[in-house]
$ cat data.csv   # CSV, C-alpha atoms
chain,number,residue,atom,x,y,z
I,1,MET,CA,145.3,62.9,122.0
I,2,GLU,CA,148.7,61.7,120.7
I,3,TYR,CA,149.6,61.5,117.0
I,4,HIS,CA,152.5,60.1,115.1
I,5,LEU,CA,152.8,61.9,111.7
I,6,LYS,CA,155.1,61.2,108.7
I,7,THR,CA,156.3,63.9,106.3
I,8,PRO,CA,155.5,65.3,103.9
I,9,LEU,CA,152.3,66.2,105.7
I,10,LYS,CA,148.9,66.6,104.0
I,11,LEU,CA,146.3,69.0,105.1
I,12,GLU,CA,144.1,66.1,106.4
I,13,ASP,CA,147.0,65.1,108.7
I,14,ILE,CA,146.9,68.3,110.5
I,15,GLU,CA,143.2,69.2,110.4
I,16,LYS,CA,142.5,66.5,113.0
I,17,LEU,CA,144.9,68.1,115.5
I,18,ASN,CA,143.6,70.2,118.3
I,19,ALA,CA,145.5,72.7,120.5
I,20,GLY,CA,147.0,70.7,123.4
I,21,ASP,CA,147.4,67.4,121.5
I,22,ILE,CA,150.8,65.7,121.5
I,23,VAL,CA,152.6,65.1,118.2
I,24,TYR,CA,155.7,63.1,117.1
I,25,ILE,CA,157.1,63.7,113.6
I,26,SER,CA,159.0,61.2,111.5
I,27,GLY,CA,160.5,61.9,108.1
I,28,GLU,CA,162.1,65.1,106.8
I,29,ILE,CA,162.2,68.5,108.5
I,30,LEU,CA,164.0,71.7,107.5
I,31,THR,CA,165.5,74.2,109.9
I,32,ALA,CA,164.9,77.9,109.1
I,33,ARG,CA,165.5,81.0,111.2
I,34,ASP,CA,165.4,84.7,110.4
I,35,GLU,CA,167.9,84.9,107.5
I,36,ALA,CA,166.5,81.7,105.8
I,37,HIS,CA,163.0,83.1,106.0
I,38,ALA,CA,164.2,86.4,104.5
I,39,ARG,CA,166.0,84.6,101.6
I,40,ILE,CA,163.0,82.3,100.9
I,41,LEU,CA,160.8,85.4,100.6
I,42,GLU,CA,163.3,87.3,98.5
I,43,MET,CA,163.8,84.4,96.1
I,44,GLU,CA,160.1,83.9,95.7
I,45,GLU,CA,159.5,87.6,95.1
I,46,LYS,CA,162.1,87.4,92.2
I,47,GLY,CA,160.4,84.2,90.9
I,48,GLU,CA,163.5,82.1,91.6
I,49,LYS,CA,163.2,78.4,92.4
I,50,LEU,CA,164.1,77.3,95.9
I,51,PRO,CA,166.7,74.5,96.3
I,52,PHE,CA,164.3,72.5,98.5
I,53,SER,CA,160.6,71.8,98.5
I,54,LEU,CA,158.2,73.3,101.0
I,55,GLU,CA,155.3,71.2,99.8
I,56,GLY,CA,153.9,69.5,102.9
I,57,ALA,CA,157.0,70.7,104.8
I,58,VAL,CA,157.8,70.9,108.5
I,59,ILE,CA,159.9,74.0,109.3
I,60,TYR,CA,161.9,73.8,112.5
I,61,HIS,CA,162.9,77.1,114.1
I,62,CYS,CA,166.3,76.0,115.1
I,63,GLY,CA,169.9,77.1,114.7
I,64,PRO,CA,171.7,73.8,115.2
I,65,LEU,CA,175.3,73.2,116.1
I,66,MET,CA,176.8,70.8,113.6
I,67,LYS,CA,180.2,69.1,113.4
I,68,GLN,CA,181.6,68.1,110.0
I,69,THR,CA,183.0,64.6,109.9
I,70,GLU,CA,184.5,62.5,107.1
I,71,ASN,CA,181.0,61.0,106.6
I,72,GLY,CA,179.2,64.3,106.4
I,73,TRP,CA,177.6,66.4,109.1
I,74,LYS,CA,176.7,65.3,112.6
I,75,VAL,CA,174.3,67.1,114.9
I,76,VAL,CA,175.8,68.2,118.2
I,77,SER,CA,172.8,70.3,119.4
I,78,ALA,CA,169.5,71.2,117.9
I,79,GLY,CA,167.2,72.9,120.3
I,80,PRO,CA,164.3,75.2,119.2
I,81,THR,CA,164.8,78.9,118.9
I,82,THR,CA,162.2,81.5,119.8
I,83,SER,CA,159.6,81.6,117.1
I,84,GLY,CA,158.3,85.1,117.7
I,85,ARG,CA,161.1,86.6,115.5
I,86,MET,CA,159.7,84.9,112.4
I,87,SER,CA,156.1,86.0,113.1
I,88,LYS,CA,156.1,88.9,110.5
I,89,MET,CA,157.5,86.8,107.7
I,90,THR,CA,155.4,83.7,108.3
I,91,PRO,CA,152.1,84.8,106.7
I,92,SER,CA,153.9,85.6,103.4
I,93,LEU,CA,155.8,82.3,103.5
I,94,LEU,CA,152.5,80.4,104.1
I,95,LYS,CA,150.7,82.2,101.3
I,96,ALA,CA,153.3,81.1,98.8
I,97,ASN,CA,154.0,77.5,100.1
I,98,ASP,CA,152.1,74.5,101.5
I,99,VAL,CA,154.1,74.4,104.8
I,100,ARG,CA,152.0,72.2,107.1
I,101,ALA,CA,153.8,72.5,110.4
I,102,ILE,CA,156.1,74.9,112.2
I,103,ILE,CA,158.1,73.7,115.2
I,104,GLY,CA,159.6,76.2,117.7
I,105,LYS,CA,159.3,77.6,121.2
I,106,GLY,CA,157.4,80.4,122.8
I,107,GLY,CA,154.6,80.7,120.3
I,108,MET,CA,154.0,83.3,117.6
I,109,LYS,CA,151.9,86.4,118.3
I,110,SER,CA,149.0,87.3,115.9
I,111,ILE,CA,149.7,84.3,113.7
I,112,ALA,CA,146.6,82.1,114.3
I,113,ASP,CA,144.7,83.6,111.3
I,114,ALA,CA,147.6,82.9,108.9
I,115,LEU,CA,147.7,79.3,110.1
I,116,LYS,CA,144.0,78.7,109.8
I,117,ASN,CA,143.1,75.8,107.5
I,118,ARG,CA,146.7,75.4,106.3
I,119,CYS,CA,149.3,74.9,109.1
I,120,VAL,CA,149.9,74.1,112.8
I,121,TYR,CA,152.4,75.5,115.2
I,122,LEU,CA,154.0,72.8,117.3
I,123,ALA,CA,155.8,73.8,120.5
I,124,TYR,CA,159.0,72.0,121.5
I,125,THR,CA,160.4,72.4,125.0
I,126,GLY,CA,163.5,74.7,125.2
I,127,GLY,CA,166.5,73.2,126.9
I,128,CYS,CA,166.2,69.9,125.1
I,129,ALA,CA,168.9,70.5,122.5
I,130,ALA,CA,170.8,67.3,123.3
I,131,LEU,CA,167.5,65.2,123.2
I,132,ALA,CA,166.6,66.8,119.9
I,133,ALA,CA,170.0,65.9,118.5
I,134,GLU,CA,169.4,62.2,119.4
I,135,LEU,CA,166.1,62.2,117.5
I,136,ILE,CA,167.8,63.4,114.3
I,137,LYS,CA,168.9,60.3,112.5
I,138,GLU,CA,170.6,61.9,109.5
I,139,VAL,CA,171.7,65.3,108.1
I,140,LYS,CA,170.5,64.8,104.5
I,141,THR,CA,171.9,68.1,103.2
I,142,VAL,CA,172.4,71.7,103.9
I,143,HIS,CA,171.6,74.8,101.9
I,144,TRP,CA,172.8,78.4,102.2
I,145,LEU,CA,175.8,77.8,104.5
I,146,ASP,CA,176.9,81.3,103.4
I,147,LEU,CA,174.3,82.5,106.0
I,148,GLY,CA,176.3,80.8,108.8
I,149,MET,CA,175.7,77.5,110.5
I,150,PRO,CA,172.7,78.5,112.6
I,151,GLU,CA,171.0,80.4,109.8
I,152,ALA,CA,171.5,77.8,107.0
I,153,VAL,CA,168.6,75.5,106.0
I,154,TRP,CA,169.5,72.0,107.3
I,155,VAL,CA,167.4,69.1,105.8
I,156,LEU,CA,167.1,66.5,108.6
I,157,ARG,CA,165.7,63.0,108.8
I,158,VAL,CA,164.0,62.5,112.2
I,159,GLU,CA,162.2,59.6,113.9
I,160,ASP,CA,159.5,60.3,116.5
I,161,PHE,CA,160.7,63.9,116.9
I,162,GLY,CA,159.0,65.2,120.0
I,163,PRO,CA,157.0,65.3,122.1
I,164,LEU,CA,155.6,68.4,120.4
I,165,ILE,CA,152.5,70.2,121.7
I,166,VAL,CA,150.0,71.6,119.3
I,167,GLY,CA,150.2,75.3,120.3
I,168,ILE,CA,148.1,76.7,117.5
I,169,ASP,CA,145.8,74.5,115.5
I,170,THR,CA,144.2,74.9,112.0
I,171,LYS,CA,141.0,76.1,113.6
I,172,GLY,CA,142.6,79.2,115.1
I,173,THR,CA,142.9,78.0,118.7
I,174,ASP,CA,146.1,79.5,120.2
I,175,ILE,CA,147.2,78.2,123.6
I,176,PHE,CA,149.8,81.0,123.9
I,177,ALA,CA,147.3,83.8,123.3
I,178,GLU,CA,144.9,82.2,125.8
I,179,VAL,CA,147.7,82.2,128.5
I,180,ARG,CA,148.6,85.8,127.7
I,181,GLU,CA,145.0,86.9,128.0
I,182,LYS,CA,144.6,85.1,131.4
I,183,ALA,CA,147.8,86.7,132.6
I,184,GLN,CA,146.6,90.2,131.5
I,185,LYS,CA,143.3,89.7,133.3
I,186,GLN,CA,145.2,88.7,136.5
I,187,LEU,CA,147.3,91.8,136.2
I,188,GLU,CA,144.3,94.0,135.8
I,189,LYS,CA,142.6,92.5,138.8
I,190,GLN,CA,145.7,93.3,140.9
I,191,GLU,CA,145.7,97.0,139.9
$ encode --input "data.csv" --output "structure tokens"
Amino acid sequence: MEYHLKTPLKLEDIEKLNAGDIVYISGEILTARDEAHARILEMEEKGEKLPFSLEGAVIYHCGPLMKQTENGWKVVSAGPTTSGRMSKMTPSLLKANDVRAIIGKGGMKSIADALKNRCVYLAYTGGCAALAAELIKEVKTVHWLDLGMPEAVWVLRVEDFGPLIVGIDTKGTDIFAEVREKAQKQLEKQE
């Protein structure tokens, strides 16, 4: 199935998605990598208010390359980064916030249970950084530039951002885990 979703996402928007479905996102997405995840968790632990909302949010694992112009920021390149690095921080992030979708590449090990009934993982093809930049219609704002350009939280307005493949759905189906299991079985047969 193919779905066109608008942010902020509601739980019912993502509950209908199944692993393998194709999704396009329109609206607002936020980039966040390792350092941004760590700062979010640190601020929440201290009871500090975040400068952006994660209610119904879509987090994009991306370290974009931006160019500052007289009219603000322009996206040069915005391909996905490897999501596995954020696997350990994601359960805590999801417990404290109603993030409804995570976009990245490569999947996230042992994360399906944390996503169950609350969030989906959407895989975006690596190597599509220029295409992704074309789908970003506006850089709305940036937070935490002190972390550096790739680690800052960029708030982006996108139109039909995708195609994204549902890699892990809200029911716990994880395409990446299935592929790893099949590969492991093949290796064991060869031994």
$ residues_near_point --input "data.csv" --point "(173.2, 68.7, 113.9)" --cutoff "7 Å" --atoms "only C-alpha atoms" --output "list in words"
Pro64, Leu65, Met66, Trp73, Lys74, Val75, Val76, Ser77, Ala78, Ala133 and Val139 of chain I
$ closest_atom_pairs --input "data.csv" --of "range 24-121 of chain I" --to "range 166-189 of chain I" --cutoff "9 Å" --atoms "all atoms listed in the file" --output "Markdown table"
| residue | atom | partner | partner_atom | distance |
| --- | --- | --- | --- | --- |
| I:Gly106 | CA | I:Phe176 | CA | 7.7 |
| I:Gly107 | CA | I:Phe176 | CA | 6.0 |
| I:Met108 | CA | I:Phe176 | CA | 7.9 |
| I:Lys109 | CA | I:Ala177 | CA | 7.3 |
| I:Ser110 | CA | I:Ala177 | CA | 8.4 |
| I:Ile111 | CA | I:Ile168 | CA | 8.6 |
| I:Ala112 | CA | I:Gly172 | CA | 5.0 |
| I:Asp113 | CA | I:Gly172 | CA | 6.2 |
| I:Ala114 | CA | I:Gly172 | CA | 8.8 |
| I:Leu115 | CA | I:Thr170 | CA | 5.9 |
| I:Lys116 | CA | I:Thr170 | CA | 4.4 |
| I:Asn117 | CA | I:Thr170 | CA | 4.7 |
| I:Arg118 | CA | I:Thr170 | CA | 6.2 |
| I:Cys119 | CA | I:Thr170 | CA | 5.9 |
| I:Val120 | CA | I:Asp169 | CA | 4.9 |
| I:Tyr121 | CA | I:Ile168 | CA | 5.0 |
$ residues_around --input "data.csv" --residues "range 54-57 of chain I" --least-positions-apart "4" --cutoff "8 Å" --atoms "only C-alpha atoms" --output "VMD selection string"
chain I and resid 7 to 11 28 to 30 97 to 101
$ write_last_selection --input "data.csv" --atoms "C-alpha atoms" --output "CSV table (one decimal), keeping the file's coordinate frame"
chain,number,residue,atom,x,y,z
I,7,THR,CA,156.3,63.9,106.3
I,8,PRO,CA,155.5,65.3,103.9
I,9,LEU,CA,152.3,66.2,105.7
I,10,LYS,CA,148.9,66.6,104.0
I,11,LEU,CA,146.3,69.0,105.1
I,28,GLU,CA,162.1,65.1,106.8
I,29,ILE,CA,162.2,68.5,108.5
I,30,LEU,CA,164.0,71.7,107.5
I,97,ASN,CA,154.0,77.5,100.1
I,98,ASP,CA,152.1,74.5,101.5
I,99,VAL,CA,154.1,74.4,104.8
I,100,ARG,CA,152.0,72.2,107.1
I,101,ALA,CA,153.8,72.5,110.4
$ residues_around --input "data.csv" --residues "Ile136 in chain I" --least-positions-apart "6" --cutoff "8 Å" --atoms "all atoms listed in the file" --output "PyMOL selection string"
chain I and resi 75+156-159+161
$ closest_residue --input "data.csv" --among "I:Cys62, I:Ala96, I:Gln190, I:Gly27" --to "Leu50 in chain I" --atoms "only C-alpha atoms"
I:Ala96
$ atom_distance --input "data.csv" --atom1 "CA of Glu15 in chain I" --atom2 "CA of Tyr3 in chain I"
12.0 Å
$ atom_distance --input "data.csv" --atom1 "CA of Leu5 in chain I" --atom2 "CA of Arg39 in chain I"
28.1 Å
$ closest_residue --input "data.csv" --among "I:Leu145, I:Ile103, I:Ile165, I:Pro80" --to "Gly126 in chain I" --atoms "all atoms listed in the file"
I:Pro80
$ atom_distance --input "data.csv" --atom1 "CA of Glu35 in chain I" --atom2 "CA of Pro163 in chain I"
26.8 Å
$ closest_residue --input "data.csv" --among "I:Glu12, I:Glu48, I:Asp146, I:Asp21" --to "Leu122 in chain I" --atoms "only C-alpha atoms"
I:Asp21
$ build_atoms --input "data.csv" --residues "range 90-108 of chain I" --atoms "N, CA and C atoms" --output "compact mmCIF listing (two decimals), keeping the file's coordinate frame"
# COMPACT_ATOMS: atom_id res chain seq x y z
N THR I 90 156.11 84.93 108.44
CA THR I 90 155.40 83.70 108.30
C THR I 90 154.15 83.75 107.41
N PRO I 91 153.27 84.78 107.54
CA PRO I 91 152.10 84.80 106.70
C PRO I 91 152.45 84.80 105.18
N SER I 92 153.46 85.57 104.78
CA SER I 92 153.90 85.60 103.40
C SER I 92 154.43 84.23 102.95
N LEU I 93 155.19 83.61 103.82
CA LEU I 93 155.80 82.30 103.50
C LEU I 93 154.65 81.27 103.34
N LEU I 94 153.62 81.33 104.18
CA LEU I 94 152.50 80.40 104.10
C LEU I 94 151.64 80.61 102.88
N LYS I 95 151.49 81.86 102.47
CA LYS I 95 150.70 82.20 101.30
C LYS I 95 151.29 81.55 100.03
N ALA I 96 152.61 81.52 99.97
CA ALA I 96 153.30 81.10 98.80
C ALA I 96 153.65 79.56 98.81
N ASN I 97 153.51 78.91 99.97
CA ASN I 97 154.00 77.50 100.10
C ASN I 97 152.98 76.72 100.98
N ASP I 98 152.96 75.42 100.76
CA ASP I 98 152.10 74.50 101.50
C ASP I 98 152.85 73.93 102.73
N VAL I 99 153.49 74.81 103.52
CA VAL I 99 154.10 74.40 104.80
C VAL I 99 152.98 73.93 105.67
N ARG I 100 153.09 72.75 106.26
CA ARG I 100 152.00 72.20 107.10
C ARG I 100 152.23 72.26 108.57
N ALA I 101 153.50 72.42 108.98
CA ALA I 101 153.80 72.50 110.40
C ALA I 101 155.02 73.36 110.64
N ILE I 102 154.99 74.12 111.73
CA ILE I 102 156.10 74.90 112.20
C ILE I 102 156.41 74.43 113.61
N ILE I 103 157.67 74.11 113.87
CA ILE I 103 158.10 73.70 115.20
C ILE I 103 158.97 74.81 115.78
N GLY I 104 158.73 75.17 117.02
CA GLY I 104 159.60 76.20 117.70
C GLY I 104 159.24 76.27 119.13
N LYS I 105 159.66 77.37 119.74
CA LYS I 105 159.30 77.60 121.20
C LYS I 105 158.80 78.98 121.36
N GLY I 106 157.93 79.09 122.35
CA GLY I 106 157.40 80.40 122.80
C GLY I 106 156.22 80.92 122.03
N GLY I 107 155.75 80.22 121.01
CA GLY I 107 154.60 80.70 120.30
C GLY I 107 154.90 81.80 119.31
N MET I 108 153.87 82.25 118.59
CA MET I 108 154.00 83.30 117.60
C MET I 108 152.78 84.21 117.74
